[in-house]
$ cat target24.csv   # CSV, C-alpha atoms and all ligand atoms
chain,number,residue,atom,x,y,z
D,234,MET,CA,-8.2,33.6,16.1
D,235,VAL,CA,-7.4,33.7,19.8
D,236,GLY,CA,-4.8,31.8,21.7
D,237,GLY,CA,-3.8,31.1,25.2
D,238,ASP,CA,-0.9,29.9,27.2
D,239,VAL,CA,-1.8,28.3,30.5
D,240,GLY,CA,1.1,27.4,32.6
D,241,GLY,CA,3.7,29.8,31.3
D,242,ASP,CA,5.5,27.7,28.6
D,243,ASP,CA,5.6,29.0,25.1
D,244,HIS,CA,3.7,26.6,22.8
D,245,PRO,CA,3.5,23.0,24.0
D,246,ARG,CA,1.1,23.5,26.9
D,247,GLY,CA,-0.9,26.2,25.1
D,248,PHE,CA,-3.8,26.1,22.7
D,249,ARG,CA,-5.2,28.0,19.8
D,250,VAL,CA,-8.8,28.6,19.0
D,251,ASP,CA,-9.9,29.0,15.3
D,252,ARG,CA,-13.4,30.1,14.5
D,253,VAL,CA,-14.2,27.9,11.5
D,254,SER,CA,-17.8,28.9,10.9
D,255,GLU,CA,-20.4,31.1,12.4
D,256,HIS,CA,-20.8,29.1,15.6
D,257,LEU,CA,-18.0,26.5,15.6
D,258,HIS,CA,-14.6,27.0,17.3
D,259,PHE,CA,-11.8,24.5,16.7
D,260,VAL,CA,-9.5,24.2,19.7
D,261,HIS,CA,-6.0,23.0,18.7
D,262,THR,CA,-3.5,21.7,21.2
D,263,GLU,CA,-0.2,19.9,20.6
D,264,HIS,CA,-1.6,16.5,21.3
D,265,VAL,CA,-5.3,16.5,20.7
D,266,ASN,CA,-8.1,18.8,19.6
D,267,TRP,CA,-11.7,19.6,20.6
D,268,VAL,CA,-14.5,21.7,19.2
D,269,VAL,CA,-17.0,24.1,20.8
D,270,TYR,CA,-20.3,24.9,19.2
D,271,ALA,CA,-21.6,28.2,20.8
D,272,GLY,CA,-24.8,29.4,19.2
D,273,PRO,CA,-28.1,31.1,20.2
D,274,ASP,CA,-29.5,27.7,21.2
D,275,GLY,CA,-26.6,27.0,23.7
D,276,VAL,CA,-23.1,25.4,23.9
D,277,THR,CA,-22.1,21.9,22.9
D,278,LEU,CA,-18.6,20.5,23.4
D,279,LEU,CA,-17.3,17.9,21.0
D,280,ASP,CA,-14.5,15.8,22.5
D,281,SER,CA,-12.7,17.2,25.5
D,282,GLY,CA,-8.9,16.5,25.7
D,283,TYR,CA,-6.9,14.6,28.3
D,284,VAL,CA,-7.7,14.7,32.0
D,285,GLY,CA,-4.5,16.8,32.4
D,286,GLN,CA,-5.8,19.4,30.0
D,287,ARG,CA,-8.7,20.5,32.2
D,288,ASP,CA,-7.2,24.0,32.6
D,289,LEU,CA,-6.8,24.3,28.8
D,290,LEU,CA,-10.4,23.3,28.3
D,291,VAL,CA,-11.6,25.9,30.8
D,292,ALA,CA,-9.3,28.5,29.2
D,293,SER,CA,-10.5,27.7,25.7
D,294,LEU,CA,-14.1,28.2,26.7
D,295,ALA,CA,-13.2,31.5,28.3
D,296,ALA,CA,-11.4,32.5,25.1
D,297,ILE,CA,-14.8,32.4,23.4
D,298,GLY,CA,-16.7,34.0,26.3
D,299,ARG,CA,-18.2,30.8,27.8
D,300,ARG,CA,-18.0,29.1,31.2
D,301,PRO,CA,-17.8,25.3,31.8
D,302,GLU,CA,-21.2,25.2,33.5
D,303,GLU,CA,-22.7,26.7,30.3
D,304,VAL,CA,-21.9,23.5,28.3
D,305,ALA,CA,-25.3,21.9,27.7
D,306,ALA,CA,-23.9,18.6,26.5
D,307,VAL,CA,-20.7,16.8,25.5
D,308,LEU,CA,-20.7,14.7,22.4
D,309,VAL,CA,-17.7,12.4,22.3
D,310,THR,CA,-16.5,10.8,19.0
D,311,HIS,CA,-15.1,7.8,20.9
D,312,GLY,CA,-14.1,6.7,24.4
D,313,HIS,CA,-10.4,7.2,24.3
D,314,ALA,CA,-8.5,9.0,27.1
D,315,ASP,CA,-7.4,11.9,24.9
D,316,HIS,CA,-11.1,12.7,24.1
D,317,LEU,CA,-12.8,12.0,27.4
D,318,GLY,CA,-10.9,13.8,30.2
D,319,GLY,CA,-12.9,17.1,30.1
D,320,ALA,CA,-16.2,15.2,29.7
D,321,ALA,CA,-15.5,13.2,32.8
D,322,TRP,CA,-14.8,16.3,34.8
D,323,LEU,CA,-17.8,18.3,33.5
D,324,ALA,CA,-20.1,15.3,34.2
D,325,GLU,CA,-18.8,15.0,37.8
D,326,GLN,CA,-18.6,18.7,38.5
D,327,PHE,CA,-21.8,20.0,36.9
D,328,GLY,CA,-23.8,16.9,35.9
D,329,THR,CA,-23.2,17.8,32.2
D,330,PRO,CA,-24.8,15.1,30.0
D,331,VAL,CA,-22.2,13.1,28.0
D,332,HIS,CA,-23.4,11.3,24.8
D,333,ALA,CA,-21.8,8.9,22.4
D,334,HIS,CA,-23.1,6.5,19.7
D,335,ALA,CA,-24.9,3.6,21.3
D,336,ASP,CA,-22.2,1.2,20.1
D,337,GLU,CA,-19.6,3.4,21.8
D,338,VAL,CA,-21.2,3.9,25.2
D,339,PRO,CA,-19.5,0.8,26.8
D,340,ASN,CA,-16.1,2.4,25.8
D,341,VAL,CA,-17.0,5.7,27.3
D,342,ARG,CA,-18.2,4.1,30.5
D,343,ARG,CA,-15.1,2.0,30.5
D,344,SER,CA,-16.9,-1.3,30.8
D,345,VAL,CA,-15.0,-2.0,27.6
D,346,MET,CA,-11.6,-0.6,26.7
D,347,GLU,CA,-10.7,-0.7,23.0
D,348,GLN,CA,-7.6,1.4,23.4
D,349,ALA,CA,-3.9,0.9,22.7
D,350,GLY,CA,-2.3,-0.3,26.0
D,351,GLY,CA,1.2,-0.3,27.4
D,352,ALA,CA,2.1,-3.6,25.6
D,353,GLN,CA,1.2,-2.2,22.1
D,354,VAL,CA,3.1,1.0,22.8
D,355,LEU,CA,6.2,-0.9,24.1
D,356,GLY,CA,6.1,-3.1,21.0
D,357,ASN,CA,6.5,0.0,18.8
D,358,VAL,CA,9.0,2.1,20.7
D,359,PHE,CA,11.5,1.7,17.8
D,360,ARG,CA,9.2,3.7,15.6
D,361,PRO,CA,10.1,7.4,15.1
D,362,GLY,CA,8.3,9.6,17.6
D,363,VAL,CA,6.7,6.9,19.7
D,364,VAL,CA,8.9,7.3,22.8
D,365,ARG,CA,8.7,11.1,22.8
D,366,TRP,CA,4.9,10.9,22.3
D,367,ALA,CA,4.4,8.3,25.1
D,368,MET,CA,6.5,10.4,27.6
D,369,ALA,CA,4.5,13.5,26.7
D,370,ILE,CA,1.1,12.0,27.2
D,371,ALA,CA,2.0,10.2,30.4
D,372,SER,CA,1.8,13.5,32.3
D,373,LEU,CA,-1.5,14.3,30.6
D,374,LEU,CA,-3.0,11.0,31.8
D,375,GLU,CA,-2.1,12.0,35.4
D,376,GLY,CA,-0.9,8.5,36.2
D,377,GLY,CA,-3.9,6.5,35.0
D,378,PRO,CA,-5.3,5.1,31.8
D,379,GLY,CA,-7.9,7.9,31.7
D,380,LEU,CA,-11.2,8.3,33.3
D,381,GLY,CA,-14.4,6.9,32.0
D,382,VAL,CA,-17.8,8.6,32.2
D,383,PRO,CA,-20.2,6.2,34.1
D,384,SER,CA,-23.2,8.4,33.3
D,385,ALA,CA,-22.7,8.5,29.5
D,386,THR,CA,-25.7,7.7,27.4
D,387,ALA,CA,-26.5,7.1,23.8
D,388,LEU,CA,-27.1,10.0,21.4
D,389,PRO,CA,-30.5,11.6,21.9
D,390,GLU,CA,-31.5,11.5,18.2
D,391,ARG,CA,-34.8,12.9,16.7
D,392,ASP,CA,-35.5,13.1,13.0
D,393,GLY,CA,-31.9,12.1,12.2
D,394,ARG,CA,-30.4,14.9,14.3
D,395,ILE,CA,-29.0,15.0,17.8
D,396,SER,CA,-31.1,17.0,20.3
D,397,VAL,CA,-28.3,19.2,21.6
D,398,PRO,CA,-27.3,22.8,20.7
D,399,GLY,CA,-26.2,22.9,17.0
D,400,ARG,CA,-28.3,19.7,16.2
D,401,PRO,CA,-25.6,17.9,14.3
D,402,ARG,CA,-26.1,14.6,12.4
D,403,ALA,CA,-24.1,11.6,13.6
D,404,LEU,CA,-22.2,9.3,11.2
D,405,LEU,CA,-21.0,6.0,12.5
D,406,VAL,CA,-17.4,5.6,11.3
D,407,ALA,CA,-16.5,2.3,13.0
D,408,GLY,CA,-13.0,0.8,13.2
D,409,HIS,CA,-10.9,3.2,15.4
D,410,THR,CA,-13.4,1.9,18.0
D,411,THR,CA,-16.6,-0.1,17.5
D,412,GLY,CA,-18.9,2.9,17.9
D,413,HIS,CA,-16.7,5.8,16.7
D,414,ALA,CA,-18.9,8.6,15.4
D,415,ALA,CA,-18.4,11.8,13.3
D,416,TYR,CA,-20.6,14.8,13.8
D,417,ASP,CA,-21.8,16.8,10.8
D,418,PHE,CA,-23.0,20.4,11.3
D,419,GLU,CA,-24.5,20.7,7.8
D,420,ALA,CA,-25.8,24.3,8.4
D,421,GLU,CA,-22.2,25.3,9.4
D,422,GLY,CA,-20.6,23.2,6.7
D,423,VAL,CA,-18.3,21.6,9.2
D,424,LEU,CA,-17.7,17.9,9.9
D,425,VAL,CA,-16.1,16.9,13.2
D,426,VAL,CA,-14.3,13.5,12.5
D,427,GLY,CA,-12.5,12.7,15.8
D,428,ASP,CA,-10.0,9.9,15.0
D,429,ALA,CA,-11.7,8.6,11.8
D,430,LEU,CA,-8.8,10.4,10.2
D,431,ALA,CA,-6.0,12.7,11.4
D,432,THR,CA,-4.0,15.4,9.5
D,433,ARG,CA,-0.9,15.0,11.7
D,434,HIS,CA,0.3,12.9,14.6
D,435,ALA,CA,3.5,12.9,16.7
D,436,THR,CA,4.1,9.3,15.7
D,437,SER,CA,3.6,9.7,11.9
D,438,PRO,CA,5.9,11.2,9.2
D,439,ILE,CA,2.9,11.9,7.0
D,440,ALA,CA,1.4,15.4,6.7
D,441,GLY,CA,-2.2,15.7,5.6
D,442,PRO,CA,-5.3,13.4,5.9
D,443,GLN,CA,-4.3,9.9,7.0
D,444,LEU,CA,-5.3,7.1,9.2
D,445,LEU,CA,-3.6,7.0,12.6
D,446,PRO,CA,-0.9,4.3,13.0
D,447,SER,CA,-2.6,0.9,13.1
D,448,MET,CA,-1.8,0.3,16.8
D,449,PHE,CA,-4.3,3.0,17.7
D,450,HIS,CA,-7.2,1.3,15.9
D,451,HIS,CA,-9.3,-1.4,17.4
D,452,ASP,CA,-9.9,-2.7,13.8
D,453,PRO,CA,-7.6,-1.0,11.3
D,454,GLU,CA,-9.2,-2.5,8.2
D,455,CYS,CA,-12.6,-1.5,9.3
D,456,ALA,CA,-11.3,2.0,10.0
D,457,ARG,CA,-10.1,2.2,6.4
D,458,ARG,CA,-13.3,0.9,4.9
D,459,SER,CA,-15.4,3.3,7.0
D,460,LEU,CA,-13.6,6.4,5.6
D,461,GLY,CA,-16.1,6.1,2.7
D,462,ARG,CA,-18.9,7.1,5.0
D,463,LEU,CA,-17.5,10.6,5.3
D,464,ARG,CA,-18.2,11.1,1.6
D,465,SER,CA,-21.9,11.5,2.4
D,466,SER,CA,-21.1,14.8,4.1
D,467,PRO,CA,-21.6,18.0,2.2
D,468,SER,CA,-19.3,19.9,4.6
D,469,ARG,CA,-16.3,21.9,3.4
D,470,VAL,CA,-14.3,22.0,6.6
D,471,VAL,CA,-13.1,18.8,8.4
D,472,LEU,CA,-12.0,19.0,12.0
D,473,PRO,CA,-9.8,16.0,13.2
D,474,GLY,CA,-8.9,15.0,16.7
D,475,HIS,CA,-5.2,15.3,15.8
D,476,GLY,CA,-3.5,17.8,13.5
D,477,GLU,CA,-4.8,20.9,11.8
D,478,ALA,CA,-8.2,21.6,10.3
D,479,TRP,CA,-8.7,20.4,6.7
D,480,ILE,CA,-10.2,23.2,4.6
D,481,GLY,CA,-11.8,21.5,1.7
D,482,PRO,CA,-14.6,19.0,0.9
D,483,ALA,CA,-15.1,16.1,3.3
D,484,ASP,CA,-15.0,13.6,0.4
D,485,ALA,CA,-11.6,14.9,-0.7
D,486,ALA,CA,-10.3,14.5,2.9
D,487,ALA,CA,-11.6,10.9,2.9
D,488,ASP,CA,-9.9,10.2,-0.5
D,489,ALA,CA,-6.6,11.7,0.6
D,490,ALA,CA,-6.7,9.7,3.8
D,491,LEU,CA,-7.4,6.5,1.8
D,492,ALA,CA,-4.5,7.3,-0.5
D,493,ASN,CA,-2.1,7.8,2.4
D,494,GLY,CA,-3.5,4.9,4.5
D,495,TRP,CA,-1.7,4.1,7.8
D,496,PRO,CA,1.8,5.4,8.4
D,497,TRP,CA,2.6,2.0,10.0
D,501,ZN,ZN,-7.3,10.6,19.7
$ encode --input "target24.csv" --output "structure tokens" --more "lines below"
Ligand SMILES: [Zn+2]
Amino acid sequence: MVGGDVGGDDHPRGFRVDRVSEHLHFVHTEHVNWVVYAGPDGVTLLDSGYVGQRDLLVASLAAIGRRPEEVAAVLVTHGHADHLGGAAWLAEQFGTPVHAHADEVPNVRRSVMEQAGGAQVLGNVFRPGVVRWAMAIASLLEGGPGLGVPSATALPERDGRISVPGRPRALLVAGHTTGHAAYDFEAEGVLVVGDALATRHATSPIAGPQLLPSMFHHDPECARRSLGRLRSSPSRVVLPGHGEAWIGPADAAADAALANGWPW
């Protein structure tokens, strides 16, 4: 386990890297997580933080001995600002290919935006944690709703696997957004779930697997129904976009999230 502290503060602006399998590294930050596959076949980044976390992204790659230009491809679970910032920067800076499920590409390119806006956030400011969360992420958005990636394309799949380093399998887990995908690294026993479920969030009193608050989902009922799709994964480690890693079978994580449901 290695950590870093970019910017001098103690924890909030820092990150922690946990190596969860032979080639997968879980990068945990206070507000959102990303994952790095670094193997003999190259480096794949899965999700990429807010635009304001670019320094953390670079530092997290350095912590595992890699440079940003070594990233062969970025797979995004979905096109929300907290998962896209680094991808937009890598695509612009180095021409790094960015891929998402075909149904999600419009969100990633920002021709569609299935994301909680200011009105939904304002309508929920009375909920515990929402004001503090909104103020914290405002600085990470650097004044805008978050960049899209105009060059993003659909997952390059062959024989049911994605042709990027690590060759994960994509699972469509719709609801949070229309084309939200999870990425299953079966050889590593690790499932990257994005926001299909979370294990903790600043706006939720629940600890453990759960759905994010309903305002964050494009279609909350669909997000709940889709949890069952995670059961097809044999993986024993589940990496969410928000909260700590879940060490245990993917189907148990899905069941726990179903039992907890949405905090509100
Ligand atoms: Zn998210």
$ closest_residue --input "target24.csv" --among "D:His264, D:Arg394, D:Arg433, D:Arg458" --to "Ala314 in chain D" --atoms "all atoms listed in the file"
D:His264
$ residues_around --input "target24.csv" --residues "range 269-272 of chain D" --least-positions-apart "3" --cutoff "7 Å" --atoms "all atoms listed in the file" --output "JSON, numbers by chain"
{"D": [256, 257, 258, 259, 275, 276, 277, 278, 279, 399]}
$ residues_near_ligand --input "target24.csv" --ligand "ligand ZN 501 (chain D)" --cutoff "8 Å" --atoms "all atoms listed in the file" --output "PDB file with C-alpha atoms, in the coordinates of the input"
ATOM      1  CA  VAL D 265      -5.300  16.500  20.700  1.00  0.00           C
ATOM      2  CA  HIS D 313     -10.400   7.200  24.300  1.00  0.00           C
ATOM      3  CA  ALA D 314      -8.500   9.000  27.100  1.00  0.00           C
ATOM      4  CA  ASP D 315      -7.400  11.900  24.900  1.00  0.00           C
ATOM      5  CA  HIS D 316     -11.100  12.700  24.100  1.00  0.00           C
ATOM      6  CA  GLY D 427     -12.500  12.700  15.800  1.00  0.00           C
ATOM      7  CA  ASP D 428     -10.000   9.900  15.000  1.00  0.00           C
ATOM      8  CA  GLY D 474      -8.900  15.000  16.700  1.00  0.00           C
ATOM      9  CA  HIS D 475      -5.200  15.300  15.800  1.00  0.00           C
TER      10      HIS D 475
END
$ closest_residue --input "target24.csv" --among "D:Val284, D:Ala414, D:Val425, D:Val250" --to "Glu375 in chain D" --atoms "only C-alpha atoms"
D:Val284
$ closest_residue --input "target24.csv" --among "D:Thr310, D:Met448, D:Val268, D:His261" --to "Gly412 in chain D" --atoms "all atoms listed in the file"
D:Thr310
$ residues_near_point --input "target24.csv" --point "(-19.9, 27.2, 8.0)" --cutoff "8 Å" --atoms "all atoms listed in the file" --output "VMD selection string"
chain D and resid 253 to 257 419 to 423 469 to 470
$ write_last_selection --input "target24.csv" --atoms "C-alpha atoms" --output "PDB file, in the coordinates of the input"
ATOM      1  CA  VAL D 253     -14.200  27.900  11.500  1.00  0.00           C
ATOM      2  CA  SER D 254     -17.800  28.900  10.900  1.00  0.00           C
ATOM      3  CA  GLU D 255     -20.400  31.100  12.400  1.00  0.00           C
ATOM      4  CA  HIS D 256     -20.800  29.100  15.600  1.00  0.00           C
ATOM      5  CA  LEU D 257     -18.000  26.500  15.600  1.00  0.00           C
ATOM      6  CA  GLU D 419     -24.500  20.700   7.800  1.00  0.00           C
ATOM      7  CA  ALA D 420     -25.800  24.300   8.400  1.00  0.00           C
ATOM      8  CA  GLU D 421     -22.200  25.300   9.400  1.00  0.00           C
ATOM      9  CA  GLY D 422     -20.600  23.200   6.700  1.00  0.00           C
ATOM     10  CA  VAL D 423     -18.300  21.600   9.200  1.00  0.00           C
ATOM     11  CA  ARG D 469     -16.300  21.900   3.400  1.00  0.00           C
ATOM     12  CA  VAL D 470     -14.300  22.000   6.600  1.00  0.00           C
TER      13      VAL D 470
END
$ closest_residue --input "target24.csv" --among "D:Asn357, D:Gln286, D:Asn493, D:Gln348" --to "Gln443 in chain D" --atoms "all atoms listed in the file"
D:Asn493
$ closest_residue --input "target24.csv" --among "D:Leu472, D:Leu290, D:Ala435, D:Val426" --to "Ala369 in chain D" --atoms "all atoms listed in the file"
D:Ala435
$ closest_residue --input "target24.csv" --among "D:Glu302, D:Asp488, D:Glu477, D:Glu347" --to "Gly328 in chain D" --atoms "only C-alpha atoms"
D:Glu302
$ atom_distance --input "target24.csv" --atom1 "CA of Gly379 in chain D" --atom2 "CA of Arg402 in chain D"
27.4 Å
$ residues_around --input "target24.csv" --residues "Thr329 in chain D" --least-positions-apart "5" --cutoff "7 Å" --atoms "all atoms listed in the file" --output "VMD selection string"
chain D and resid 305 to 306 323 to 324
$ atom_distance --input "target24.csv" --atom1 "CA of Gly481 in chain D" --atom2 "CA of Leu404 in chain D"
18.6 Å
$ atom_distance --input "target24.csv" --atom1 "CA of Ala440 in chain D" --atom2 "CA of His311 in chain D"
23.1 Å
$ build_atoms --input "target24.csv" --residues "range 314-340 of chain D" --atoms "N, CA and C atoms" --output "PDB file, in the coordinates of the input"
ATOM      1  N   ALA D 314      -8.899   8.054  26.034  1.00  0.00           N
ATOM      2  CA  ALA D 314      -8.500   9.000  27.100  1.00  0.00           C
ATOM      3  C   ALA D 314      -8.246  10.385  26.644  1.00  0.00           C
ATOM      4  N   ASP D 315      -7.781  10.537  25.395  1.00  0.00           N
ATOM      5  CA  ASP D 315      -7.400  11.900  24.900  1.00  0.00           C
ATOM      6  C   ASP D 315      -8.668  12.680  24.474  1.00  0.00           C
ATOM      7  N   HIS D 316      -9.833  12.052  24.509  1.00  0.00           N
ATOM      8  CA  HIS D 316     -11.100  12.700  24.100  1.00  0.00           C
ATOM      9  C   HIS D 316     -12.067  12.865  25.230  1.00  0.00           C
ATOM     10  N   LEU D 317     -11.791  12.177  26.334  1.00  0.00           N
ATOM     11  CA  LEU D 317     -12.800  12.000  27.400  1.00  0.00           C
ATOM     12  C   LEU D 317     -12.515  12.774  28.689  1.00  0.00           C
ATOM     13  N   GLY D 318     -11.289  13.276  28.857  1.00  0.00           N
ATOM     14  CA  GLY D 318     -10.900  13.800  30.200  1.00  0.00           C
ATOM     15  C   GLY D 318     -11.809  14.959  30.627  1.00  0.00           C
ATOM     16  N   GLY D 319     -12.044  15.922  29.762  1.00  0.00           N
ATOM     17  CA  GLY D 319     -12.900  17.100  30.100  1.00  0.00           C
ATOM     18  C   GLY D 319     -14.329  16.654  30.344  1.00  0.00           C
ATOM     19  N   ALA D 320     -14.793  15.691  29.541  1.00  0.00           N
ATOM     20  CA  ALA D 320     -16.200  15.200  29.700  1.00  0.00           C
ATOM     21  C   ALA D 320     -16.385  14.594  31.058  1.00  0.00           C
ATOM     22  N   ALA D 321     -15.415  13.800  31.505  1.00  0.00           N
ATOM     23  CA  ALA D 321     -15.500  13.200  32.800  1.00  0.00           C
ATOM     24  C   ALA D 321     -15.587  14.234  33.919  1.00  0.00           C
ATOM     25  N   TRP D 322     -14.776  15.266  33.771  1.00  0.00           N
ATOM     26  CA  TRP D 322     -14.800  16.300  34.800  1.00  0.00           C
ATOM     27  C   TRP D 322     -16.079  17.125  34.760  1.00  0.00           C
ATOM     28  N   LEU D 323     -16.571  17.485  33.571  1.00  0.00           N
ATOM     29  CA  LEU D 323     -17.800  18.300  33.500  1.00  0.00           C
ATOM     30  C   LEU D 323     -19.001  17.442  34.034  1.00  0.00           C
ATOM     31  N   ALA D 324     -19.024  16.139  33.729  1.00  0.00           N
ATOM     32  CA  ALA D 324     -20.100  15.300  34.200  1.00  0.00           C
ATOM     33  C   ALA D 324     -20.113  15.242  35.745  1.00  0.00           C
ATOM     34  N   GLU D 325     -18.904  15.113  36.300  1.00  0.00           N
ATOM     35  CA  GLU D 325     -18.800  15.000  37.800  1.00  0.00           C
ATOM     36  C   GLU D 325     -19.070  16.333  38.439  1.00  0.00           C
ATOM     37  N   GLN D 326     -18.535  17.397  37.867  1.00  0.00           N
ATOM     38  CA  GLN D 326     -18.600  18.700  38.500  1.00  0.00           C
ATOM     39  C   GLN D 326     -19.970  19.369  38.373  1.00  0.00           C
ATOM     40  N   PHE D 327     -20.557  19.257  37.179  1.00  0.00           N
ATOM     41  CA  PHE D 327     -21.800  20.000  36.900  1.00  0.00           C
ATOM     42  C   PHE D 327     -22.955  19.137  36.461  1.00  0.00           C
ATOM     43  N   GLY D 328     -22.732  17.821  36.406  1.00  0.00           N
ATOM     44  CA  GLY D 328     -23.800  16.900  35.900  1.00  0.00           C
ATOM     45  C   GLY D 328     -24.055  17.081  34.440  1.00  0.00           C
ATOM     46  N   THR D 329     -23.069  17.564  33.692  1.00  0.00           N
ATOM     47  CA  THR D 329     -23.200  17.800  32.200  1.00  0.00           C
ATOM     48  C   THR D 329     -23.502  16.427  31.557  1.00  0.00           C
ATOM     49  N   PRO D 330     -24.564  16.348  30.730  1.00  0.00           N
ATOM     50  CA  PRO D 330     -24.800  15.100  30.000  1.00  0.00           C
ATOM     51  C   PRO D 330     -23.694  14.818  28.988  1.00  0.00           C
ATOM     52  N   VAL D 331     -23.275  13.567  28.915  1.00  0.00           N
ATOM     53  CA  VAL D 331     -22.200  13.100  28.000  1.00  0.00           C
ATOM     54  C   VAL D 331     -22.844  12.049  27.089  1.00  0.00           C
ATOM     55  N   HIS D 332     -22.752  12.240  25.776  1.00  0.00           N
ATOM     56  CA  HIS D 332     -23.400  11.300  24.800  1.00  0.00           C
ATOM     57  C   HIS D 332     -22.335  10.761  23.847  1.00  0.00           C
ATOM     58  N   ALA D 333     -22.582   9.526  23.413  1.00  0.00           N
ATOM     59  CA  ALA D 333     -21.800   8.900  22.400  1.00  0.00           C
ATOM     60  C   ALA D 333     -22.719   7.987  21.584  1.00  0.00           C
ATOM     61  N   HIS D 334     -22.276   7.520  20.419  1.00  0.00           N
ATOM     62  CA  HIS D 334     -23.100   6.500  19.700  1.00  0.00           C
ATOM     63  C   HIS D 334     -23.356   5.344  20.582  1.00  0.00           C
ATOM     64  N   ALA D 335     -24.525   4.761  20.426  1.00  0.00           N
ATOM     65  CA  ALA D 335     -24.900   3.600  21.300  1.00  0.00           C
ATOM     66  C   ALA D 335     -23.864   2.545  21.338  1.00  0.00           C
ATOM     67  N   ASP D 336     -23.217   2.283  20.195  1.00  0.00           N
ATOM     68  CA  ASP D 336     -22.200   1.200  20.100  1.00  0.00           C
ATOM     69  C   ASP D 336     -20.907   1.626  20.860  1.00  0.00           C
ATOM     70  N   GLU D 337     -20.798   2.905  21.198  1.00  0.00           N
ATOM     71  CA  GLU D 337     -19.600   3.400  21.800  1.00  0.00           C
ATOM     72  C   GLU D 337     -19.731   3.598  23.333  1.00  0.00           C
ATOM     73  N   VAL D 338     -20.959   3.609  23.792  1.00  0.00           N
ATOM     74  CA  VAL D 338     -21.200   3.900  25.200  1.00  0.00           C
ATOM     75  C   VAL D 338     -20.394   2.992  26.150  1.00  0.00           C
ATOM     76  N   PRO D 339     -20.273   1.681  25.880  1.00  0.00           N
ATOM     77  CA  PRO D 339     -19.500   0.800  26.800  1.00  0.00           C
ATOM     78  C   PRO D 339     -18.000   1.328  26.885  1.00  0.00           C
ATOM     79  N   ASN D 340     -17.418   1.799  25.769  1.00  0.00           N
ATOM     80  CA  ASN D 340     -16.100   2.400  25.800  1.00  0.00           C
ATOM     81  C   ASN D 340     -16.008   3.611  26.677  1.00  0.00           C
TER      82      ASN D 340
END
